[in-house]
Each structure stands twice: as structure tokens, then as C-alpha cells.
>>> print(open('upload_28.cif').read())   # mmCIF, C-alpha atoms, pLDDT in the B column; chains and numbers go by the auth columns
data_model
loop_
_atom_site.group_PDB
_atom_site.id
_atom_site.type_symbol
_atom_site.label_atom_id
_atom_site.label_comp_id
_atom_site.label_asym_id
_atom_site.label_seq_id
_atom_site.Cartn_x
_atom_site.Cartn_y
_atom_site.Cartn_z
_atom_site.B_iso_or_equiv
_atom_site.auth_seq_id
_atom_site.auth_asym_id
ATOM 1 C CA MET A 1 92.084 62.152 179.846 72.00 11 A
ATOM 2 C CA SER A 2 89.087 60.518 181.526 89.00 12 A
ATOM 3 C CA ALA A 3 90.812 60.816 184.915 90.00 13 A
ATOM 4 C CA LEU A 4 91.055 64.559 184.401 91.00 14 A
ATOM 5 C CA PHE A 5 87.348 64.829 183.591 91.00 15 A
ATOM 6 C CA SER A 6 86.521 62.622 186.546 93.00 16 A
ATOM 7 C CA ARG A 7 88.467 64.885 188.925 94.00 17 A
ATOM 8 C CA MET A 8 86.906 67.991 187.397 94.00 18 A
ATOM 9 C CA PHE A 9 83.401 66.564 187.716 94.00 19 A
ATOM 10 C CA SER A 10 84.095 65.551 191.309 94.00 20 A
ATOM 11 C CA ALA A 11 85.338 69.051 192.149 95.00 21 A
ATOM 12 C CA VAL A 12 82.278 70.683 190.578 96.00 22 A
ATOM 13 C CA GLU A 13 79.962 68.260 192.356 97.00 23 A
ATOM 14 C CA LYS A 14 81.618 68.914 195.724 97.00 24 A
ATOM 15 C CA ARG A 15 81.427 72.658 195.203 97.00 25 A
ATOM 16 C CA ALA A 16 77.699 72.395 194.474 98.00 26 A
ATOM 17 C CA ARG A 17 77.170 70.250 197.588 97.00 27 A
ATOM 18 C CA TYR A 18 79.188 72.768 199.632 97.00 28 A
ATOM 19 C CA ALA A 19 77.056 75.682 198.397 97.00 29 A
ATOM 20 C CA HIS A 20 73.845 73.768 199.086 97.00 30 A
ATOM 21 C CA THR A 21 74.966 72.753 202.573 96.00 31 A
ATOM 22 C CA LEU A 22 76.122 76.297 203.349 96.00 32 A
ATOM 23 C CA ASN A 23 72.733 77.692 202.309 96.00 33 A
ATOM 24 C CA GLU A 24 70.881 75.086 204.368 94.00 34 A
ATOM 25 C CA ILE A 25 72.877 75.941 207.495 93.00 35 A
ATOM 26 C CA ALA A 26 72.531 79.681 206.889 91.00 36 A
ATOM 27 C CA ARG A 27 68.735 79.345 206.700 93.00 37 A
ATOM 28 C CA LEU A 28 68.449 77.718 210.124 94.00 38 A
ATOM 29 C CA SER A 29 66.647 79.777 212.719 93.00 39 A
ATOM 30 C CA PRO A 30 68.658 81.183 215.614 92.00 40 A
ATOM 31 C CA ARG A 31 66.649 78.993 217.969 94.00 41 A
ATOM 32 C CA LEU A 32 67.473 75.813 216.057 95.00 42 A
ATOM 33 C CA CYS A 33 71.143 76.796 215.880 93.00 43 A
ATOM 34 C CA CYS A 34 71.135 77.232 219.638 93.00 44 A
ATOM 35 C CA ASP A 35 69.464 73.842 220.092 95.00 45 A
ATOM 36 C CA LEU A 36 72.094 72.242 217.837 93.00 46 A
ATOM 37 C CA GLY A 37 74.914 74.053 219.610 94.00 47 A
ATOM 38 C CA ILE A 38 76.211 75.874 216.544 92.00 48 A
ATOM 39 C CA CYS A 39 76.684 79.526 215.625 90.00 49 A
ATOM 40 C CA PRO A 40 75.505 80.835 212.252 85.00 50 A
ATOM 41 C CA GLU A 41 79.025 82.251 211.779 90.00 51 A
ATOM 42 C CA GLU A 42 80.321 78.657 211.757 92.00 52 A
ATOM 43 C CA ALA A 43 78.330 77.815 208.613 93.00 53 A
ATOM 44 C CA PRO A 44 81.303 77.904 206.190 95.00 54 A
ATOM 45 C CA GLN A 45 83.429 75.671 208.417 96.00 55 A
ATOM 46 C CA LEU A 46 80.580 73.232 209.040 94.00 56 A
ATOM 47 C CA ALA A 47 79.726 73.003 205.343 96.00 57 A
ATOM 48 C CA ARG A 48 83.379 72.517 204.400 96.00 58 A
ATOM 49 C CA ARG A 49 83.788 69.758 206.964 96.00 59 A
ATOM 50 C CA ALA A 50 80.576 68.041 205.829 95.00 60 A
ATOM 51 C CA VAL A 51 81.564 68.016 202.156 96.00 61 A
ATOM 52 C CA TYR A 52 85.350 67.917 202.104 95.00 62 A
ATOM 53 C CA GLY A 53 85.998 66.269 205.456 93.00 63 A
ATOM 54 C CA HIS A 54 88.399 68.940 206.741 79.00 64 A
#
>>> encode(input="upload_28.cif", output="C-alpha cells")
Amino acid sequence: MSALFSRMFSAVEKRARYAHTLNEIARLSPRLCCDLGICPEEAPQLARRAVYGH
């Protein structure tokens, strides 16, 4: 039973980190995005890769 709760907590924690990372990327200025070499449209993929590693 504790393994189930552990996996659930991990999933919730990752989802919160994903949402936070997505919001941080989305708030970047267009100039900073250009300097970093990213497009704002890539925010979901970048956040997913940062949190989930995919």
C-alpha cells in the first residue's frame, strides 16, 4: 500500500513541477527566448523534458 501512495505522491509532485516549469518558460520575454534559442511554442515540450526526462 505504501508503494502505491509513494507513486501517487511522485506523480502529483512531478505534475506540480511540470506546471511550474511550464509557467516559468511561458513568462520569458521574446528577447530572452531568442537569446536562449527556444520558441515560446516549445514550452510544453521543454517542461516535459525537464521534469519527466522525455
>>> atom_distance(input="upload_28.cif", atom1="atom CA of Glu23 of chain A", atom2="atom CA of Arg37 of chain A")
21.3 Å
>>> residues_around(input="upload_28.cif", residues="Arg27 of chain A", least_positions_apart="5", cutoff="9 Å", atoms="all atoms listed in the file", output="list in words")
Val22, Leu32, Ala57 and Val61 of chain A
>>> write_last_selection(input="upload_28.cif", atoms="C-alpha atoms", output="PDB file, keeping the file's coordinate frame")
ATOM      1  CA  VAL A  22      82.278  70.683 190.578  1.00 96.00           C
ATOM      2  CA  LEU A  32      76.122  76.297 203.349  1.00 96.00           C
ATOM      3  CA  ALA A  57      79.726  73.003 205.343  1.00 96.00           C
ATOM      4  CA  VAL A  61      81.564  68.016 202.156  1.00 96.00           C
TER       5      VAL A  61
END
>>> closest_residue(input="upload_28.cif", among="A:Ile35, A:Ser20, A:Ala26, A:Phe15", to="Pro54 of chain A", atoms="only C-alpha atoms")
A:Ile35
>>> residues_around(input="upload_28.cif", residues="Cys43 of chain A", least_positions_apart="6", cutoff="12 Å", atoms="only C-alpha atoms", output="PDB file with C-alpha atoms, in the coordinates of the input")
ATOM      1  CA  GLU A  34      70.881  75.086 204.368  1.00 94.00           C
ATOM      2  CA  ILE A  35      72.877  75.941 207.495  1.00 93.00           C
ATOM      3  CA  ALA A  36      72.531  79.681 206.889  1.00 91.00           C
ATOM      4  CA  ARG A  37      68.735  79.345 206.700  1.00 93.00           C
ATOM      5  CA  CYS A  49      76.684  79.526 215.625  1.00 90.00           C
ATOM      6  CA  PRO A  50      75.505  80.835 212.252  1.00 85.00           C
ATOM      7  CA  GLU A  51      79.025  82.251 211.779  1.00 90.00           C
ATOM      8  CA  GLU A  52      80.321  78.657 211.757  1.00 92.00           C
ATOM      9  CA  ALA A  53      78.330  77.815 208.613  1.00 93.00           C
TER      10      ALA A  53
END
>>> atom_distance(input="upload_28.cif", atom1="atom CA of Arg41 of chain A", atom2="atom CA of Arg25 of chain A")
27.9 Å
>>> atom_distance(input="upload_28.cif", atom1="atom CA of Ala29 of chain A", atom2="atom CA of His64 of chain A")
15.6 Å
>>> closest_residue(input="upload_28.cif", among="A:Ile48, A:Met11, A:Ala60, A:Leu42", to="Tyr28 of chain A", atoms="only C-alpha atoms")
A:Ala60
>>> closest_residue(input="upload_28.cif", among="A:Asn33, A:Phe19, A:Cys44, A:Ser12", to="Leu56 of chain A", atoms="all atoms listed in the file")
A:Asn33
>>> axis_aligned_box(input="upload_28.cif", around="segment 43-58 of chain A", padding_each_side="5 Å", output="lines of an AutoDock Vina configuration file")
center_x = 76.4
center_y = 77.2
center_z = 212.2
size_x = 24.0
size_y = 20.0
size_z = 25.7
>>> build_atoms(input="upload_28.cif", residues="segment 52-63 of chain A", atoms="all heavy atoms", output="PDB file, in the frame of the given file")
ATOM      1  N   GLU A  52      79.565  79.883 212.011  1.00 92.00           N
ATOM      2  CA  GLU A  52      80.321  78.657 211.757  1.00 92.00           C
ATOM      3  C   GLU A  52      79.879  77.944 210.480  1.00 92.00           C
ATOM      4  O   GLU A  52      80.445  76.913 210.129  1.00 92.00           O
ATOM      5  CB  GLU A  52      80.153  77.678 212.917  1.00 92.00           C
ATOM      6  CG  GLU A  52      80.723  78.146 214.234  1.00 92.00           C
ATOM      7  CD  GLU A  52      80.410  77.175 215.354  1.00 92.00           C
ATOM      8  OE1 GLU A  52      79.379  76.474 215.284  1.00 92.00           O
ATOM      9  OE2 GLU A  52      81.205  77.120 216.293  1.00 92.00           O
ATOM     10  N   ALA A  53      78.894  78.481 209.790  1.00 93.00           N
ATOM     11  CA  ALA A  53      78.330  77.815 208.613  1.00 93.00           C
ATOM     12  C   ALA A  53      79.381  77.428 207.572  1.00 93.00           C
ATOM     13  O   ALA A  53      79.381  76.283 207.106  1.00 93.00           O
ATOM     14  CB  ALA A  53      77.228  78.667 207.988  1.00 93.00           C
ATOM     15  N   PRO A  54      80.306  78.319 207.195  1.00 95.00           N
ATOM     16  CA  PRO A  54      81.303  77.904 206.190  1.00 95.00           C
ATOM     17  C   PRO A  54      82.174  76.736 206.654  1.00 95.00           C
ATOM     18  O   PRO A  54      82.437  75.807 205.883  1.00 95.00           O
ATOM     19  CB  PRO A  54      82.144  79.168 205.969  1.00 95.00           C
ATOM     20  CG  PRO A  54      81.252  80.283 206.376  1.00 95.00           C
ATOM     21  CD  PRO A  54      80.419  79.747 207.497  1.00 95.00           C
ATOM     22  N   GLN A  55      82.597  76.754 207.906  1.00 96.00           N
ATOM     23  CA  GLN A  55      83.429  75.671 208.417  1.00 96.00           C
ATOM     24  C   GLN A  55      82.649  74.364 208.496  1.00 96.00           C
ATOM     25  O   GLN A  55      83.178  73.295 208.158  1.00 96.00           O
ATOM     26  CB  GLN A  55      83.990  76.015 209.811  1.00 96.00           C
ATOM     27  CG  GLN A  55      84.966  77.155 209.798  1.00 96.00           C
ATOM     28  CD  GLN A  55      84.297  78.514 209.964  1.00 96.00           C
ATOM     29  OE1 GLN A  55      83.080  78.630 210.039  1.00 96.00           O
ATOM     30  NE2 GLN A  55      85.099  79.562 209.982  1.00 96.00           N
ATOM     31  N   LEU A  56      81.407  74.437 208.932  1.00 94.00           N
ATOM     32  CA  LEU A  56      80.580  73.232 209.040  1.00 94.00           C
ATOM     33  C   LEU A  56      80.310  72.643 207.668  1.00 94.00           C
ATOM     34  O   LEU A  56      80.380  71.415 207.478  1.00 94.00           O
ATOM     35  CB  LEU A  56      79.266  73.548 209.749  1.00 94.00           C
ATOM     36  CG  LEU A  56      79.384  73.932 211.224  1.00 94.00           C
ATOM     37  CD1 LEU A  56      78.046  74.452 211.739  1.00 94.00           C
ATOM     38  CD2 LEU A  56      79.846  72.755 212.048  1.00 94.00           C
ATOM     39  N   ALA A  57      79.993  73.483 206.694  1.00 96.00           N
ATOM     40  CA  ALA A  57      79.726  73.003 205.343  1.00 96.00           C
ATOM     41  C   ALA A  57      80.978  72.393 204.730  1.00 96.00           C
ATOM     42  O   ALA A  57      80.917  71.340 204.095  1.00 96.00           O
ATOM     43  CB  ALA A  57      79.211  74.149 204.459  1.00 96.00           C
ATOM     44  N   ARG A  58      82.119  73.045 204.939  1.00 96.00           N
ATOM     45  CA  ARG A  58      83.379  72.517 204.400  1.00 96.00           C
ATOM     46  C   ARG A  58      83.689  71.146 204.995  1.00 96.00           C
ATOM     47  O   ARG A  58      84.054  70.210 204.289  1.00 96.00           O
ATOM     48  CB  ARG A  58      84.516  73.487 204.687  1.00 96.00           C
ATOM     49  CG  ARG A  58      85.809  73.145 204.007  1.00 96.00           C
ATOM     50  CD  ARG A  58      86.926  74.147 204.260  1.00 96.00           C
ATOM     51  NE  ARG A  58      86.532  75.532 203.992  1.00 96.00           N
ATOM     52  CZ  ARG A  58      86.331  76.459 204.945  1.00 96.00           C
ATOM     53  NH1 ARG A  58      86.513  76.169 206.206  1.00 96.00           N
ATOM     54  NH2 ARG A  58      85.959  77.679 204.614  1.00 96.00           N
ATOM     55  N   ARG A  59      83.518  71.028 206.303  1.00 96.00           N
ATOM     56  CA  ARG A  59      83.788  69.758 206.964  1.00 96.00           C
ATOM     57  C   ARG A  59      82.825  68.667 206.478  1.00 96.00           C
ATOM     58  O   ARG A  59      83.223  67.516 206.282  1.00 96.00           O
ATOM     59  CB  ARG A  59      83.680  69.920 208.478  1.00 96.00           C
ATOM     60  CG  ARG A  59      84.258  68.766 209.246  1.00 96.00           C
ATOM     61  CD  ARG A  59      84.257  68.964 210.751  1.00 96.00           C
ATOM     62  NE  ARG A  59      84.667  70.304 211.147  1.00 96.00           N
ATOM     63  CZ  ARG A  59      83.988  71.057 212.013  1.00 96.00           C
ATOM     64  NH1 ARG A  59      82.881  70.622 212.561  1.00 96.00           N
ATOM     65  NH2 ARG A  59      84.423  72.261 212.332  1.00 96.00           N
ATOM     66  N   ALA A  60      81.570  69.025 206.275  1.00 95.00           N
ATOM     67  CA  ALA A  60      80.576  68.041 205.829  1.00 95.00           C
ATOM     68  C   ALA A  60      80.861  67.531 204.432  1.00 95.00           C
ATOM     69  O   ALA A  60      80.661  66.348 204.137  1.00 95.00           O
ATOM     70  CB  ALA A  60      79.181  68.659 205.886  1.00 95.00           C
ATOM     71  N   VAL A  61      81.353  68.401 203.552  1.00 96.00           N
ATOM     72  CA  VAL A  61      81.564  68.016 202.156  1.00 96.00           C
ATOM     73  C   VAL A  61      82.975  67.505 201.894  1.00 96.00           C
ATOM     74  O   VAL A  61      83.160  66.477 201.276  1.00 96.00           O
ATOM     75  CB  VAL A  61      81.257  69.205 201.215  1.00 96.00           C
ATOM     76  CG1 VAL A  61      81.604  68.861 199.774  1.00 96.00           C
ATOM     77  CG2 VAL A  61      79.790  69.602 201.327  1.00 96.00           C
ATOM     78  N   TYR A  62      83.955  68.238 202.411  1.00 95.00           N
ATOM     79  CA  TYR A  62      85.350  67.917 202.104  1.00 95.00           C
ATOM     80  C   TYR A  62      86.042  67.093 203.193  1.00 95.00           C
ATOM     81  O   TYR A  62      87.127  66.576 202.976  1.00 95.00           O
ATOM     82  CB  TYR A  62      86.155  69.193 201.856  1.00 95.00           C
ATOM     83  CG  TYR A  62      85.679  69.986 200.678  1.00 95.00           C
ATOM     84  CD1 TYR A  62      84.932  71.150 200.842  1.00 95.00           C
ATOM     85  CD2 TYR A  62      85.960  69.578 199.381  1.00 95.00           C
ATOM     86  CE1 TYR A  62      84.497  71.888 199.759  1.00 95.00           C
ATOM     87  CE2 TYR A  62      85.515  70.300 198.290  1.00 95.00           C
ATOM     88  CZ  TYR A  62      84.795  71.451 198.484  1.00 95.00           C
ATOM     89  OH  TYR A  62      84.356  72.174 197.405  1.00 95.00           O
ATOM     90  N   GLY A  63      85.424  67.044 204.376  1.00 93.00           N
ATOM     91  CA  GLY A  63      85.998  66.269 205.456  1.00 93.00           C
ATOM     92  C   GLY A  63      87.134  66.936 206.195  1.00 93.00           C
ATOM     93  O   GLY A  63      87.864  66.284 206.915  1.00 93.00           O
TER      94      GLY A  63
END
